[in-house]
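Let me begin by presenting the structure, written as structure tokens, before commenting on it.
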Amino acid sequence: QVQLVESGGGLVQPGGSLRLSCAASGSIAEIVTMGWFRQAPEKQRESVARIISGGLIHYAESVKGRFTISRDNAKNTMYLQMDSLKPEDTAVYYCYVGNRYYTPDYWGQGTQVTVSS
């Protein structure tokens with residue numbers, strides 16, 4: 001079992017920045033996939049960014065150049081740095097990790113990000 005605790009969401013003006021954190025605990029040695037999804041009202045869930053074991057990183061086209069996913073192995077924590085935020089980035093953001101490639105097995109509780117003036 002893996003437990004994930006998210007933090008860092010909130011309200012920010014367009015053009016602003018936020019950093020989301022996802023702290024993992026439990027059986028993390030077998031994790032090969034980690035990343036972030038987001039869910040906006042009346043929209044499909046979207047994969048925002050992910051890291052695959054070995055360092056392969058993928059971003060959604062909608063956030064490429066503005067968001068940065070990273071991890072601190074010493075702290076068992078993953079981050080999503082979000083810059084140049086737009087109103088369309090408003091959503092609940094969920095972190096996840098998985099023991100199989102490209103497959104989420106465990107989820108964070110979700111954190112609300114609202115981009116509005």
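As shown in the structure tokens, the chain order sets the letters A, B, ...; within each chain, residues go from 1, and ligands are also counted from 1 in the order they appear.
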task: Once DSSP has gone over the backbone, tell me which residues of stretch 24-97 of chain A are in strand (DSSP E), as number ranges by chain.
output: A: 24-26, 33-39, 46-52, 56-59, 67-72, 77-82, 91-97
Deliver the residues from the most recent selection as a file, using N, CA, C and O atoms, as a compact mmCIF listing (two decimals), in the first residue's frame.
# COMPACT_ATOMS: atom_id res chain seq x y z
N ALA A 24 4.68 10.83 -0.51
CA ALA A 24 4.36 9.41 -0.52
C ALA A 24 4.92 8.71 0.70
O ALA A 24 6.01 9.04 1.18
N SER A 25 4.19 7.70 1.16
CA SER A 25 4.66 6.85 2.25
C SER A 25 4.14 5.45 2.01
O SER A 25 3.21 5.23 1.23
N GLY A 26 4.77 4.49 2.69
CA GLY A 26 4.36 3.10 2.52
C GLY A 26 5.31 2.35 1.60
O GLY A 26 6.50 2.60 1.59
N THR A 33 5.86 4.54 -11.99
CA THR A 33 5.12 5.61 -12.67
C THR A 33 4.62 6.59 -11.63
O THR A 33 4.12 6.17 -10.57
N MET A 34 4.73 7.87 -11.90
CA MET A 34 4.14 8.87 -11.02
C MET A 34 3.74 10.08 -11.86
O MET A 34 4.33 10.33 -12.92
N GLY A 35 2.72 10.76 -11.40
CA GLY A 35 2.28 11.90 -12.20
C GLY A 35 1.09 12.61 -11.62
O GLY A 35 0.72 12.39 -10.46
N TRP A 36 0.50 13.47 -12.45
CA TRP A 36 -0.63 14.29 -12.05
C TRP A 36 -1.73 14.24 -13.13
O TRP A 36 -1.45 14.34 -14.32
N PHE A 37 -2.97 14.09 -12.65
CA PHE A 37 -4.15 14.28 -13.47
C PHE A 37 -4.88 15.52 -12.95
O PHE A 37 -4.64 15.97 -11.83
N ARG A 38 -5.78 16.03 -13.77
CA ARG A 38 -6.67 17.07 -13.29
C ARG A 38 -8.09 16.81 -13.81
O ARG A 38 -8.27 16.21 -14.87
N GLN A 39 -9.04 17.29 -13.04
CA GLN A 39 -10.46 17.10 -13.38
C GLN A 39 -11.17 18.44 -13.20
O GLN A 39 -11.27 18.96 -12.08
N GLU A 46 -7.89 14.76 -17.33
CA GLU A 46 -6.75 14.99 -18.23
C GLU A 46 -5.45 14.63 -17.53
O GLU A 46 -5.22 15.07 -16.39
N SER A 47 -4.62 13.89 -18.22
CA SER A 47 -3.27 13.64 -17.71
C SER A 47 -2.44 14.88 -17.95
O SER A 47 -2.28 15.32 -19.09
N VAL A 48 -1.89 15.43 -16.89
CA VAL A 48 -1.15 16.69 -16.98
C VAL A 48 0.34 16.45 -17.21
O VAL A 48 0.95 17.04 -18.10
N ALA A 49 0.91 15.58 -16.39
CA ALA A 49 2.34 15.30 -16.48
C ALA A 49 2.64 13.99 -15.80
O ALA A 49 1.93 13.61 -14.86
N ARG A 50 3.68 13.31 -16.24
CA ARG A 50 4.07 12.06 -15.60
C ARG A 50 5.56 11.84 -15.76
O ARG A 50 6.19 12.35 -16.69
N ILE A 51 6.09 11.06 -14.83
CA ILE A 51 7.48 10.61 -14.87
C ILE A 51 7.46 9.09 -14.84
O ILE A 51 6.82 8.48 -13.99
N ILE A 52 8.19 8.51 -15.78
CA ILE A 52 8.33 7.06 -15.83
C ILE A 52 9.72 6.71 -15.32
O ILE A 52 10.68 7.47 -15.52
N LEU A 56 11.92 9.35 -17.93
CA LEU A 56 11.13 9.81 -19.07
C LEU A 56 9.97 10.66 -18.56
O LEU A 56 9.20 10.23 -17.71
N ILE A 57 9.84 11.86 -19.09
CA ILE A 57 8.81 12.80 -18.66
C ILE A 57 7.91 13.15 -19.83
O ILE A 57 8.38 13.35 -20.96
N HIS A 58 6.61 13.23 -19.53
CA HIS A 58 5.64 13.60 -20.56
C HIS A 58 4.70 14.66 -20.00
O HIS A 58 4.28 14.58 -18.85
N TYR A 59 4.41 15.66 -20.85
CA TYR A 59 3.47 16.71 -20.49
C TYR A 59 2.33 16.76 -21.49
O TYR A 59 2.52 16.51 -22.68
N PHE A 67 4.29 24.11 -17.06
CA PHE A 67 4.31 23.25 -15.89
C PHE A 67 5.59 22.42 -15.89
O PHE A 67 6.09 22.03 -16.94
N THR A 68 6.08 22.12 -14.68
CA THR A 68 7.27 21.28 -14.53
C THR A 68 7.03 20.25 -13.44
O THR A 68 6.72 20.61 -12.31
N ILE A 69 7.18 18.99 -13.80
CA ILE A 69 7.06 17.91 -12.82
C ILE A 69 8.45 17.54 -12.34
O ILE A 69 9.41 17.53 -13.13
N SER A 70 8.57 17.26 -11.06
CA SER A 70 9.87 16.87 -10.51
C SER A 70 9.64 16.00 -9.29
O SER A 70 8.52 15.87 -8.80
N ARG A 71 10.72 15.42 -8.79
CA ARG A 71 10.62 14.59 -7.59
C ARG A 71 11.87 14.75 -6.75
O ARG A 71 12.96 15.02 -7.28
N ASP A 72 11.69 14.60 -5.46
CA ASP A 72 12.79 14.62 -4.51
C ASP A 72 12.79 13.25 -3.84
O ASP A 72 11.97 12.99 -2.95
N THR A 77 8.82 12.81 -2.27
CA THR A 77 7.84 13.82 -2.64
C THR A 77 7.97 14.18 -4.12
O THR A 77 9.08 14.30 -4.64
N MET A 78 6.83 14.34 -4.74
CA MET A 78 6.74 14.75 -6.13
C MET A 78 6.13 16.15 -6.17
O MET A 78 5.29 16.48 -5.30
N TYR A 79 6.53 16.94 -7.13
CA TYR A 79 6.06 18.31 -7.24
C TYR A 79 5.50 18.59 -8.63
O TYR A 79 5.89 17.97 -9.62
N LEU A 80 4.62 19.55 -8.69
CA LEU A 80 4.17 20.10 -9.96
C LEU A 80 4.25 21.61 -9.84
O LEU A 80 3.43 22.22 -9.16
N GLN A 81 5.25 22.18 -10.48
CA GLN A 81 5.39 23.62 -10.52
C GLN A 81 4.57 24.15 -11.69
O GLN A 81 4.78 23.75 -12.83
N MET A 82 3.64 25.03 -11.37
CA MET A 82 2.73 25.56 -12.39
C MET A 82 2.95 27.06 -12.52
O MET A 82 2.71 27.82 -11.57
N ALA A 91 -9.05 23.42 -11.87
CA ALA A 91 -9.44 22.01 -11.77
C ALA A 91 -9.04 21.49 -10.40
O ALA A 91 -8.31 22.15 -9.66
N VAL A 92 -9.50 20.29 -10.11
CA VAL A 92 -8.95 19.54 -8.98
C VAL A 92 -7.80 18.70 -9.52
O VAL A 92 -7.97 17.97 -10.51
N TYR A 93 -6.66 18.84 -8.88
CA TYR A 93 -5.46 18.13 -9.32
C TYR A 93 -5.21 16.93 -8.40
O TYR A 93 -5.23 17.07 -7.18
N TYR A 94 -4.96 15.79 -9.02
CA TYR A 94 -4.72 14.55 -8.29
C TYR A 94 -3.34 14.01 -8.66
O TYR A 94 -3.02 13.87 -9.83
N CYS A 95 -2.56 13.68 -7.65
CA CYS A 95 -1.31 12.99 -7.93
C CYS A 95 -1.57 11.48 -7.87
O CYS A 95 -2.54 11.02 -7.26
N TYR A 96 -0.69 10.73 -8.49
CA TYR A 96 -0.82 9.28 -8.48
C TYR A 96 0.56 8.65 -8.60
O TYR A 96 1.51 9.28 -9.07
N VAL A 97 0.63 7.40 -8.21
CA VAL A 97 1.80 6.58 -8.45
C VAL A 97 1.33 5.20 -8.86
O VAL A 97 0.19 4.81 -8.59
task: Rounded to one decimal place, report the atom CA of A:Ala23-atom CA of A:Lys43 distance in Å.
output: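 Going from atom CA of A:Ala23 over to atom CA of A:Lys43, I get 26.7 Å.
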query: What does the distance between atom CA of A:Glu6 and atom CA of A:Gly108 come to in Å, to one decimal place?
result: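 Going from atom CA of A:Glu6 over to atom CA of A:Gly108 covers 6.0 Å.
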task: Take atom CA of A:Tyr102 and atom CA of A:Arg45 and report the distance between them in Å, one decimal.
output: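 Between atom CA of A:Tyr102 and atom CA of A:Arg45 the gap works out to 15.2 Å.
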